[in-house]
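Q: model_27.pdb is the file, holding PDB, C-alpha atoms and all ligand atoms:
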MODEL        1
ATOM      1  CA  VAL A1050      86.185 103.766 135.062
ATOM      2  CA  GLU A1051      83.854 106.763 135.245
ATOM      3  CA  LEU A1052      84.014 106.998 131.448
ATOM      4  CA  GLU A1053      83.173 103.322 131.134
ATOM      5  CA  SER A1054      80.113 103.542 133.372
ATOM      6  CA  GLY A1055      78.925 106.574 131.391
ATOM      7  CA  LEU A1056      79.352 104.645 128.150
ATOM      8  CA  ARG A1057      77.322 101.703 129.416
ATOM      9  CA  GLY A1058      73.773 102.544 128.505
ATOM     10  CA  ALA A1059      74.768 105.496 126.293
ATOM     11  CA  LEU A1060      73.365 103.641 123.286
ATOM     12  CA  GLU A1061      69.999 103.056 125.011
ATOM     13  CA  ARG A1062      69.951 106.697 126.106
ATOM     14  CA  ASP A1063      70.498 107.711 122.479
ATOM     15  CA  GLU A1064      73.652 109.670 123.292
ATOM     16  CA  PHE A1065      75.688 108.688 120.212
ATOM     17  CA  VAL A1066      75.575 110.702 116.996
ATOM     18  CA  LEU A1067      77.289 110.383 113.669
ATOM     19  CA  HIS A1068      78.928 113.269 111.914
ATOM     20  CA  TYR A1069      79.855 113.000 108.249
ATOM     21  CA  GLN A1070      82.945 114.391 106.580
ATOM     22  CA  PRO A1071      82.836 114.778 102.766
ATOM     23  CA  LYS A1072      85.460 113.557 100.301
ATOM     24  CA  VAL A1073      85.950 114.999  96.819
ATOM     25  CA  SER A1074      87.441 113.631  93.649
ATOM     26  CA  LEU A1075      90.661 115.508  92.850
ATOM     27  CA  GLU A1076      89.937 114.863  89.172
ATOM     28  CA  THR A1077      86.400 116.294  88.980
ATOM     29  CA  GLY A1078      86.028 118.290  92.209
ATOM     30  CA  ARG A1079      82.768 116.414  92.861
ATOM     31  CA  VAL A1080      81.773 115.039  96.243
ATOM     32  CA  VAL A1081      82.142 111.273  95.941
ATOM     33  CA  GLY A1082      81.611 110.076  99.481
ATOM     34  CA  VAL A1083      81.561 110.752 103.191
ATOM     35  CA  GLU A1084      83.179 109.214 106.264
ATOM     36  CA  ALA A1085      80.956 108.509 109.260
ATOM     37  CA  LEU A1086      82.583 109.705 112.492
ATOM     38  CA  LEU A1087      81.173 108.816 115.889
ATOM     39  CA  ARG A1088      80.599 111.393 118.634
ATOM     40  CA  TRP A1089      79.243 110.983 122.141
ATOM     41  CA  ARG A1090      76.794 113.594 123.399
ATOM     42  CA  ARG A1091      77.591 113.225 127.075
ATOM     43  CA  PRO A1092      74.970 114.866 129.301
ATOM     44  CA  GLY A1093      76.419 118.035 130.791
ATOM     45  CA  ARG A1094      79.779 117.525 129.069
ATOM     46  CA  GLY A1095      79.059 118.360 125.454
ATOM     47  CA  LEU A1096      80.209 116.492 122.386
ATOM     48  CA  ILE A1097      83.050 114.076 123.141
ATOM     49  CA  PRO A1098      85.408 113.214 120.238
ATOM     50  CA  PRO A1099      86.107 109.533 119.513
ATOM     51  CA  ASP A1100      89.765 109.484 120.566
ATOM     52  CA  ARG A1101      88.508 110.054 124.134
ATOM     53  CA  PHE A1102      86.070 107.145 124.266
ATOM     54  CA  VAL A1103      86.537 104.734 121.319
ATOM     55  CA  PRO A1104      89.549 103.144 123.089
ATOM     56  CA  VAL A1105      87.297 102.547 126.122
ATOM     57  CA  LEU A1106      84.569 101.014 123.949
ATOM     58  CA  GLU A1107      87.232  98.888 122.359
ATOM     59  CA  SER A1108      88.606  97.642 125.660
ATOM     60  CA  THR A1109      85.145  96.307 126.467
ATOM     61  CA  ARG A1110      82.677  94.474 124.288
ATOM     62  CA  LEU A1111      80.685  97.700 123.941
ATOM     63  CA  ILE A1112      82.419  98.420 120.627
ATOM     64  CA  LEU A1113      80.486  95.525 119.077
ATOM     65  CA  THR A1114      77.010  96.877 119.821
ATOM     66  CA  VAL A1115      78.000 100.493 119.217
ATOM     67  CA  GLY A1116      79.780  99.459 115.993
ATOM     68  CA  ALA A1117      76.642  97.702 114.758
ATOM     69  CA  TRP A1118      74.626 100.854 115.563
ATOM     70  CA  VAL A1119      77.128 102.997 113.623
ATOM     71  CA  LEU A1120      76.791 100.769 110.568
ATOM     72  CA  ARG A1121      72.970 100.684 110.702
ATOM     73  CA  THR A1122      72.696 104.444 111.225
ATOM     74  CA  ALA A1123      75.169 105.255 108.439
ATOM     75  CA  CYS A1124      73.299 102.956 106.007
ATOM     76  CA  ALA A1125      69.922 104.444 106.993
ATOM     77  CA  ASP A1126      71.235 107.995 106.474
ATOM     78  CA  LEU A1127      72.709 107.048 103.095
ATOM     79  CA  VAL A1128      69.349 105.638 101.957
ATOM     80  CA  SER A1129      67.574 108.800 103.127
ATOM     81  CA  TRP A1130      69.990 110.962 101.087
ATOM     82  CA  ASP A1131      69.298 108.820  98.013
ATOM     83  CA  ARG A1132      65.576 109.414  98.534
ATOM     84  CA  LEU A1133      66.217 113.161  98.596
ATOM     85  CA  GLY A1134      67.734 112.798  95.135
ATOM     86  CA  LEU A1135      71.298 113.569  96.208
ATOM     87  CA  PRO A1136      74.071 112.078  94.064
ATOM     88  CA  PRO A1137      74.958 108.503  95.100
ATOM     89  CA  LEU A1138      77.766 108.789  97.641
ATOM     90  CA  VAL A1139      80.030 106.095  99.058
ATOM     91  CA  MET A1140      79.674 105.741 102.831
ATOM     92  CA  ALA A1141      82.895 105.008 104.733
ATOM     93  CA  VAL A1142      82.565 103.440 108.190
ATOM     94  CA  ASN A1143      85.452 102.839 110.610
ATOM     95  CA  LEU A1144      85.902  99.354 112.062
ATOM     96  CA  SER A1145      88.030  98.648 115.104
ATOM     97  CA  PRO A1146      90.305  95.595 115.395
ATOM     98  CA  ARG A1147      87.968  94.058 117.937
ATOM     99  CA  GLN A1148      85.053  94.260 115.511
ATOM    100  CA  LEU A1149      87.144  92.611 112.835
ATOM    101  CA  ALA A1150      87.809  89.676 115.139
ATOM    102  CA  GLN A1151      84.056  89.125 115.552
ATOM    103  CA  PRO A1152      83.095  85.776 114.020
ATOM    104  CA  PHE A1153      79.873  87.017 112.449
ATOM    105  CA  LEU A1154      81.075  90.445 111.298
ATOM    106  CA  ALA A1155      80.796  89.692 107.566
ATOM    107  CA  ARG A1156      77.286  88.298 108.070
ATOM    108  CA  MET A1157      76.283  91.334 110.140
ATOM    109  CA  VAL A1158      77.556  93.710 107.445
ATOM    110  CA  ASP A1159      75.805  91.709 104.721
ATOM    111  CA  ASP A1160      72.510  91.681 106.650
ATOM    112  CA  THR A1161      72.686  95.421 107.307
ATOM    113  CA  VAL A1162      73.391  96.288 103.673
ATOM    114  CA  ARG A1163      70.526  94.038 102.488
ATOM    115  CA  GLU A1164      68.051  95.339 105.045
ATOM    116  CA  HIS A1165      68.643  98.836 103.710
ATOM    117  CA  GLY A1166      68.518  97.710 100.081
ATOM    118  CA  LEU A1167      71.951  99.207  99.415
ATOM    119  CA  ASP A1168      74.326  98.273  96.636
ATOM    120  CA  PRO A1169      77.263  96.828  98.691
ATOM    121  CA  GLY A1170      79.684  98.898  96.592
ATOM    122  CA  ARG A1171      78.242 102.008  98.255
ATOM    123  CA  LEU A1172      79.819 100.929 101.554
ATOM    124  CA  GLU A1173      83.519 101.195 102.363
ATOM    125  CA  LEU A1174      84.930  99.820 105.611
ATOM    126  CA  GLU A1175      88.009 101.584 107.005
ATOM    127  CA  LEU A1176      90.463  99.369 108.837
ATOM    128  CA  THR A1177      93.630 100.326 110.667
ATOM    129  CA  GLU A1178      96.972  99.568 109.159
ATOM    130  CA  SER A1179      98.039  97.418 112.114
ATOM    131  CA  LEU A1180      95.819  94.673 110.711
ATOM    132  CA  LEU A1181      98.247  94.279 107.851
ATOM    133  CA  LEU A1182     100.949  93.376 110.303
ATOM    134  CA  GLU A1183      99.168  90.538 112.022
ATOM    135  CA  GLU A1184      99.099  87.187 110.367
ATOM    136  CA  ARG A1185      95.697  86.497 111.846
ATOM    137  CA  THR A1186      93.909  84.175 109.486
ATOM    138  CA  GLY A1187      90.558  85.593 110.580
ATOM    139  CA  THR A1188      91.424  88.968 109.061
ATOM    140  CA  THR A1189      92.141  87.440 105.672
ATOM    141  CA  ASP A1190      88.863  85.500 105.792
ATOM    142  CA  VAL A1191      86.756  88.509 106.679
ATOM    143  CA  LEU A1192      88.400  90.643 103.988
ATOM    144  CA  ASP A1193      87.774  87.866 101.469
ATOM    145  CA  ALA A1194      84.138  87.817 102.555
ATOM    146  CA  PHE A1195      83.846  91.603 102.074
ATOM    147  CA  ALA A1196      85.386  91.265  98.608
ATOM    148  CA  ARG A1197      82.894  88.526  97.657
ATOM    149  CA  MET A1198      80.034  90.683  98.898
ATOM    150  CA  GLY A1199      81.324  93.674  96.949
ATOM    151  CA  VAL A1200      81.839  95.835 100.037
ATOM    152  CA  ARG A1201      84.908  98.052  99.698
ATOM    153  CA  VAL A1202      87.832  98.030 102.121
ATOM    154  CA  ALA A1203      90.125 100.970 102.913
ATOM    155  CA  ILE A1204      93.298 101.077 104.987
ATOM    156  CA  ASP A1205      93.112 104.092 107.305
ATOM    157  CA  ASP A1206      96.064 106.252 108.399
ATOM    158  CA  PHE A1207      98.290 104.517 105.863
ATOM    159  CA  GLY A1208     102.004 105.035 106.361
ATOM    160  CA  THR A1209     101.954 105.365 110.142
ATOM    161  CA  GLY A1210     101.915 101.670 111.000
ATOM    162  CA  HIS A1211     104.320  98.969 110.061
ATOM    163  CA  SER A1212     102.416  97.295 107.321
ATOM    164  CA  SER A1213     103.765  94.403 105.413
ATOM    165  CA  LEU A1214     103.630  95.236 101.733
ATOM    166  CA  SER A1215     103.457  91.569 100.802
ATOM    167  CA  ARG A1216     100.375  91.247 102.954
ATOM    168  CA  LEU A1217      98.884  94.365 101.408
ATOM    169  CA  LYS A1218      99.333  92.747  98.018
ATOM    170  CA  ARG A1219      97.579  89.546  99.068
ATOM    171  CA  LEU A1220      94.649  91.200 100.831
ATOM    172  CA  ASP A1221      91.707  92.530  98.905
ATOM    173  CA  VAL A1222      92.082  96.246  99.628
ATOM    174  CA  ASP A1223      90.408  98.883  97.457
ATOM    175  CA  THR A1224      91.623 102.149  98.975
ATOM    176  CA  LEU A1225      94.620 103.583 100.824
ATOM    177  CA  LYS A1226      94.107 106.661 102.996
ATOM    178  CA  ILE A1227      97.297 108.691 103.354
ATOM    179  CA  ASP A1228      97.614 109.718 106.984
ATOM    180  CA  ARG A1229      97.229 113.434 107.549
ATOM    181  CA  SER A1230     100.674 113.705 109.169
ATOM    182  CA  PHE A1231     102.166 113.303 105.656
ATOM    183  CA  VAL A1232      99.791 115.892 104.196
ATOM    184  CA  ALA A1233     100.188 118.689 106.755
ATOM    185  CA  GLU A1234     103.548 120.009 105.467
ATOM    186  CA  LEU A1235     102.867 119.547 101.760
ATOM    187  CA  PRO A1236     103.972 120.773  99.304
ATOM    188  CA  HIS A1237     107.092 122.187 101.002
ATOM    189  CA  ASP A1238     108.439 119.319 103.083
ATOM    190  CA  ARG A1239     110.655 117.137 100.875
ATOM    191  CA  GLU A1240     110.351 113.991 102.990
ATOM    192  CA  ASP A1241     106.557 114.196 103.215
ATOM    193  CA  LEU A1242     106.384 114.851  99.501
ATOM    194  CA  ALA A1243     108.494 111.750  98.882
ATOM    195  CA  ILE A1244     106.283 109.664 101.178
ATOM    196  CA  ALA A1245     102.990 110.901  99.740
ATOM    197  CA  SER A1246     104.314 110.401  96.232
ATOM    198  CA  ALA A1247     105.438 106.839  97.035
ATOM    199  CA  ILE A1248     102.084 105.908  98.592
ATOM    200  CA  VAL A1249     100.162 107.266  95.588
ATOM    201  CA  ALA A1250     102.443 105.465  93.132
ATOM    202  CA  MET A1251     102.219 102.196  95.038
ATOM    203  CA  GLY A1252      98.448 102.399  95.433
ATOM    204  CA  ARG A1253      97.919 103.192  91.771
ATOM    205  CA  SER A1254     100.205 100.401  90.623
ATOM    206  CA  LEU A1255      98.274  97.952  92.833
ATOM    207  CA  GLN A1256      94.990  99.180  91.281
ATOM    208  CA  MET A1257      93.911 100.864  94.501
ATOM    209  CA  ARG A1258      92.297 104.242  95.002
ATOM    210  CA  VAL A1259      94.273 106.700  97.114
ATOM    211  CA  VAL A1260      92.622 109.251  99.414
ATOM    212  CA  ALA A1261      94.536 112.010 101.214
ATOM    213  CA  GLU A1262      93.327 112.890 104.708
ATOM    214  CA  GLY A1263      93.668 116.218 106.475
ATOM    215  CA  VAL A1264      93.757 118.364 103.325
ATOM    216  CA  GLU A1265      93.496 121.940 104.595
ATOM    217  CA  THR A1266      94.857 124.173 101.809
ATOM    218  CA  PRO A1267      94.430 124.551  98.031
ATOM    219  CA  ALA A1268      98.219 124.137  97.660
ATOM    220  CA  GLN A1269      98.037 120.723  99.343
ATOM    221  CA  ALA A1270      95.148 119.678  97.089
ATOM    222  CA  ARG A1271      96.995 120.813  93.937
ATOM    223  CA  CYS A1272     100.126 118.982  94.999
ATOM    224  CA  LEU A1273      98.190 115.760  95.696
ATOM    225  CA  ALA A1274      96.292 116.035  92.407
ATOM    226  CA  ARG A1275      99.614 116.407  90.580
ATOM    227  CA  LEU A1276     100.905 113.249  92.300
ATOM    228  CA  GLY A1277      97.856 111.352  91.002
ATOM    229  CA  CYS A1278      96.011 111.040  94.306
ATOM    230  CA  HIS A1279      92.341 110.266  93.544
ATOM    231  CA  GLU A1280      90.442 111.897  96.402
ATOM    232  CA  ALA A1281      90.818 114.446  99.186
ATOM    233  CA  GLN A1282      89.206 114.690 102.616
ATOM    234  CA  GLY A1283      89.835 117.504 105.065
ATOM    235  CA  TRP A1284      88.863 120.955 106.253
ATOM    236  CA  LEU A1285      89.464 122.441 102.794
ATOM    237  CA  VAL A1286      86.551 120.357 101.547
ATOM    238  CA  GLY A1287      84.442 120.291 104.684
ATOM    239  CA  ARG A1288      84.484 119.530 108.391
ATOM    240  CA  PRO A1289      82.624 116.570 109.880
ATOM    241  CA  MET A1290      78.941 117.681 110.101
ATOM    242  CA  PRO A1291      75.683 116.341 111.504
ATOM    243  CA  ALA A1292      73.501 114.624 108.874
ATOM    244  CA  ALA A1293      71.076 117.545 108.441
ATOM    245  CA  GLU A1294      73.943 119.980 107.962
ATOM    246  CA  LEU A1295      75.597 117.693 105.423
ATOM    247  CA  VAL A1296      72.387 117.535 103.372
ATOM    248  CA  ALA A1297      72.176 121.350 103.291
ATOM    249  CA  TRP A1298      75.877 121.549 102.437
ATOM    250  CA  LEU A1299      75.482 119.072  99.550
ATOM    251  CA  GLN A1300      72.417 120.871  98.193
ATOM    252  CA  ASP A1301      74.271 124.197  98.431
ATOM    253  CA  ARG A1302      77.188 122.944  96.346
ATOM    254  CA  ASP A1303      75.054 122.128  93.317
TER     255      ASP A1303
HETATM  256  O1  LIG B1401      86.344 112.498 114.142
HETATM  257  P1  LIG B1401      87.747 112.313 114.674
HETATM  258  O2  LIG B1401      88.884 112.892 113.877
HETATM  259  O3  LIG B1401      87.899 112.750 116.087
HETATM  260  O4  LIG B1401      87.959 110.711 114.634
HETATM  261  C1  LIG B1401      89.146 110.184 115.063
HETATM  262  C2  LIG B1401      89.195 108.705 114.862
HETATM  263  O5  LIG B1401      88.260 107.991 115.680
HETATM  264  C3  LIG B1401      88.825 108.227 113.460
HETATM  265  O6  LIG B1401      89.845 108.417 112.537
HETATM  266  C4  LIG B1401      88.582 106.762 113.719
HETATM  267  O7  LIG B1401      89.802 106.058 113.730
HETATM  268  C5  LIG B1401      87.944 106.778 115.089
HETATM  269  N1  LIG B1401      86.496 106.633 114.898
HETATM  270  C6  LIG B1401      85.595 107.583 114.577
HETATM  271  N2  LIG B1401      84.373 107.051 114.443
HETATM  272  C7  LIG B1401      84.506 105.719 114.669
HETATM  273  C8  LIG B1401      83.591 104.614 114.659
HETATM  274  O8  LIG B1401      82.410 104.732 114.378
HETATM  275  N3  LIG B1401      84.110 103.400 114.983
HETATM  276  C9  LIG B1401      85.423 103.201 115.270
HETATM  277  N4  LIG B1401      85.846 101.975 115.557
HETATM  278  N5  LIG B1401      86.313 104.212 115.266
HETATM  279  C10 LIG B1401      85.859 105.459 114.970
HETATM  280  O1  LIG B1402      89.497 108.113 110.483
HETATM  281  P1  LIG B1402      90.318 109.171 111.135
HETATM  282  O2  LIG B1402      90.874 108.830 112.475
HETATM  283  O3  LIG B1402      91.423 109.608 110.248
HETATM  284  O4  LIG B1402      89.338 110.437 111.277
HETATM  285  C1  LIG B1402      89.626 111.653 110.763
HETATM  286  C2  LIG B1402      89.678 112.688 111.860
HETATM  287  O5  LIG B1402      90.564 113.736 111.512
HETATM  288  C3  LIG B1402      88.321 113.309 112.119
HETATM  289  O6  LIG B1402      87.912 113.030 113.440
HETATM  290  C4  LIG B1402      88.486 114.801 111.941
HETATM  291  O7  LIG B1402      88.006 115.554 113.043
HETATM  292  C5  LIG B1402      89.979 114.999 111.778
HETATM  293  N1  LIG B1402      90.203 115.849 110.631
HETATM  294  C6  LIG B1402      89.457 115.803 109.504
HETATM  295  N2  LIG B1402      89.897 116.681 108.602
HETATM  296  C7  LIG B1402      90.956 117.308 109.155
HETATM  297  C8  LIG B1402      91.842 118.290 108.676
HETATM  298  O8  LIG B1402      91.766 118.803 107.553
HETATM  299  N3  LIG B1402      92.838 118.677 109.514
HETATM  300  C9  LIG B1402      92.990 118.156 110.747
HETATM  301  N4  LIG B1402      93.981 118.605 111.494
HETATM  302  N5  LIG B1402      92.159 117.202 111.244
HETATM  303  C10 LIG B1402      91.163 116.770 110.443
HETATM  304 MN    MN B1403      88.912 106.842 109.175
HETATM  305 NA    NA B1404      92.381 108.349 109.395
ENDMDL
END
Give the structure from this file in structure tokens form.
Ligand code: G
Ligand code: G
Ligand code: MN
Ligand code: NA

A:
Amino acid sequence: VELESGLRGALERDEFVLHYQPKVSLETGRVVGVEALLRWRRPGRGLIPPDRFVPVLESTRLILTVGAWVLRTACADLVSWDRLGLPPLVMAVNLSPRQLAQPFLARMVDDTVREHGLDPGRLELELTESLLLEERTGTTDVLDAFARMGVRVAIDDFGTGHSSLSRLKRLDVDTLKIDRSFVAELPHDREDLAIASAIVAMGRSLQMRVVAEGVETPAQARCLARLGCHEAQGWLVGRPMPAAELVAWLQDRD
């Protein structure tokens, strides 16, 4: 309750910030995109990570206004990086189930992308795997709308939920993100290796891109590259950073 009252008005008080975590191609080693991750700068309490407050936002309608702010801010930052002459990255933004149930979500995303003059293919929306379980017609419609617009869709934390593979086949999904729990014990753990290998093989055969999350060591990255995983995200590549720090980090790499 105290958290909820603090969150009300946090947007107006400018207390939210986005950090960006880079992703690299395992084929070229190049940075290909970033994921926008929300943090709450709570007065007197420091930077609060999303697992502490996103569920509260989601249990209220606050996630809708904060979610729209996240999308606008991420698009504005992406445009500013283009203007600095940085290589064209793909911006990944997380969407919660409640946002996906919003009737005008596709329109809101379309408007935001247009207002910033972005190629829609530069935006990737990350959805949780639980959406693949539900036979909610609305989900199919909104994913179809994203596909028509050319906005990419990724399934986050893949492998942890109970997704229906037949539904995965029917939905227009571009990217699977292997949950970091399957990456942590690579390359030694035989079960995790089998799971990661199966996800990569399935994604590739369905023409999807596969991204591994939580990559912390060169041995994990080599193992994933050998399996055919396209991209890696994790501390080995870079931690989530404020926009200014990301720009310096990107310029440093070249
Ligand atoms: O940055 P961190 O690892 O603490 O993020 C944990 C999780 O919080 C993310 O994987 C994502 O599921 C969720 N999250 C982060 N930012 C956002 C956001 O902007 N919107 C929503 N809905 N969830 C987010
Ligand atoms: O979208 P998702 O909930 O997966 O967000 C990714 C979260 O995982 C981020 O909040 C980030 O802080 C965390 N994270 C990112 N890279 C690593 C990593 O290499 N190892 C671990 N343990 N956590 C990570
Ligand atoms: Mn994510
Ligand atoms: Na994730």

Q: Excluding Phe1207 (chain A) and its own-chain neighbours fewer than 5 positions away, which residues fall within 6 Å of it when counting only C-alpha atoms? Please give them as a ChimeraX atom specification.

A: /A:1226-1228

Q: Please, which residues have at least one atom within 7 Å of an atom of ligand LIG 1401 (chain B), using all atoms listed in the file, listed as a VMD selection string?

A: chain A and resid 1085 to 1087 1098 to 1100 1103 1116 1119 1142 to 1145 1289

Q: So how many Å separate CA of Glu1076 (chain A) and CA of Ala1281 (chain A), to one decimal?

A: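 Computing it gives 10.1 Å between the two atoms.
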
Q: Using atom O7 of ligand LIG 1402 (chain B) and CA of Val1286 (chain A) as the two end points, give the distance in Å to one decimal.

A: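 Those two atoms sit 12.5 Å apart.
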
Q: A:Val1115, A:Cys1278, A:Ala1125, A:Leu1273: which is nearest Arg1253 (chain A), counting all atoms listed in the file?

A: A:Cys1278

Q: Could you check the closest approach to Asp1241 (chain A) for each of A:Ser1213, A:Cys1272, A:Val1260, A:Pro1267 and tell me which residue wins, using only C-alpha atoms?

A: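 Using only C-alpha atoms, the shortest distance to Asp1241 (chain A) belongs to A:Cys1272.
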
Q: Assuming the chain letters and numbering stay as they are in my file, what does the PyMOL selection byres (((not hetatm)) within 8 of (chain B and resi 1402)) actually select? List them as a PyMOL selection string.

A: chain A and resi 1070+1084+1086+1098-1099+1143+1175+1205-1206+1228-1229+1233+1262-1265+1282-1285+1287-1289

Q: Give me the residues near Gly1170 (chain A) as a VMD selection string, where near means some atom within 8 Å (using only C-alpha atoms) and where sequence neighbours in that chain fewer than 2 positions away do not count.

A: chain A and resid 1139 1168 1172 to 1173 1199 to 1201

Q: Create the file for the chosen residues now, containing C-alpha atoms and written as a PDB file, in the coordinates of the input.

A:
ATOM      1  CA  VAL A1139      80.030 106.095  99.058  1.00  0.00           C
ATOM      2  CA  ASP A1168      74.326  98.273  96.636  1.00  0.00           C
ATOM      3  CA  LEU A1172      79.819 100.929 101.554  1.00  0.00           C
ATOM      4  CA  GLU A1173      83.519 101.195 102.363  1.00  0.00           C
ATOM      5  CA  GLY A1199      81.324  93.674  96.949  1.00  0.00           C
ATOM      6  CA  VAL A1200      81.839  95.835 100.037  1.00  0.00           C
ATOM      7  CA  ARG A1201      84.908  98.052  99.698  1.00  0.00           C
TER       8      ARG A1201
END

Q: Quick one: region 1252-1263 of chain A with N, CA and C atoms, as an mmCIF file, keeping the file's coordinate frame?

A:
data_model
loop_
_atom_site.group_PDB
_atom_site.id
_atom_site.type_symbol
_atom_site.label_atom_id
_atom_site.label_comp_id
_atom_site.auth_asym_id
_atom_site.auth_seq_id
_atom_site.Cartn_x
_atom_site.Cartn_y
_atom_site.Cartn_z
ATOM 1 N N GLY A 1252 99.884 102.671 95.498
ATOM 2 C CA GLY A 1252 98.448 102.399 95.433
ATOM 3 C C GLY A 1252 97.975 102.283 93.996
ATOM 4 N N ARG A 1253 98.372 103.218 93.173
ATOM 5 C CA ARG A 1253 97.919 103.192 91.771
ATOM 6 C C ARG A 1253 98.418 101.951 91.057
ATOM 7 N N SER A 1254 99.676 101.567 91.337
ATOM 8 C CA SER A 1254 100.205 100.401 90.623
ATOM 9 C C SER A 1254 99.555 99.112 91.115
ATOM 10 N N LEU A 1255 99.008 99.128 92.337
ATOM 11 C CA LEU A 1255 98.274 97.952 92.833
ATOM 12 C C LEU A 1255 96.769 98.069 92.539
ATOM 13 N N GLN A 1256 96.404 99.012 91.673
ATOM 14 C CA GLN A 1256 94.990 99.180 91.281
ATOM 15 C C GLN A 1256 94.113 99.641 92.443
ATOM 16 N N MET A 1257 94.702 100.363 93.382
ATOM 17 C CA MET A 1257 93.911 100.864 94.501
ATOM 18 C C MET A 1257 93.609 102.343 94.295
ATOM 19 N N ARG A 1258 92.552 102.807 94.980
ATOM 20 C CA ARG A 1258 92.297 104.242 95.002
ATOM 21 C C ARG A 1258 93.059 104.832 96.180
ATOM 22 N N VAL A 1259 93.518 106.065 96.041
ATOM 23 C CA VAL A 1259 94.273 106.700 97.114
ATOM 24 C C VAL A 1259 93.549 107.986 97.540
ATOM 25 N N VAL A 1260 93.318 108.099 98.836
ATOM 26 C CA VAL A 1260 92.622 109.251 99.414
ATOM 27 C C VAL A 1260 93.580 109.949 100.367
ATOM 28 N N ALA A 1261 93.708 111.262 100.265
ATOM 29 C CA ALA A 1261 94.536 112.010 101.214
ATOM 30 C C ALA A 1261 93.644 112.553 102.323
ATOM 31 N N GLU A 1262 94.063 112.365 103.554
ATOM 32 C CA GLU A 1262 93.327 112.890 104.708
ATOM 33 C C GLU A 1262 93.928 114.206 105.169
ATOM 34 N N GLY A 1263 93.152 115.003 105.843
ATOM 35 C CA GLY A 1263 93.668 116.218 106.475
ATOM 36 C C GLY A 1263 94.081 117.289 105.481
#
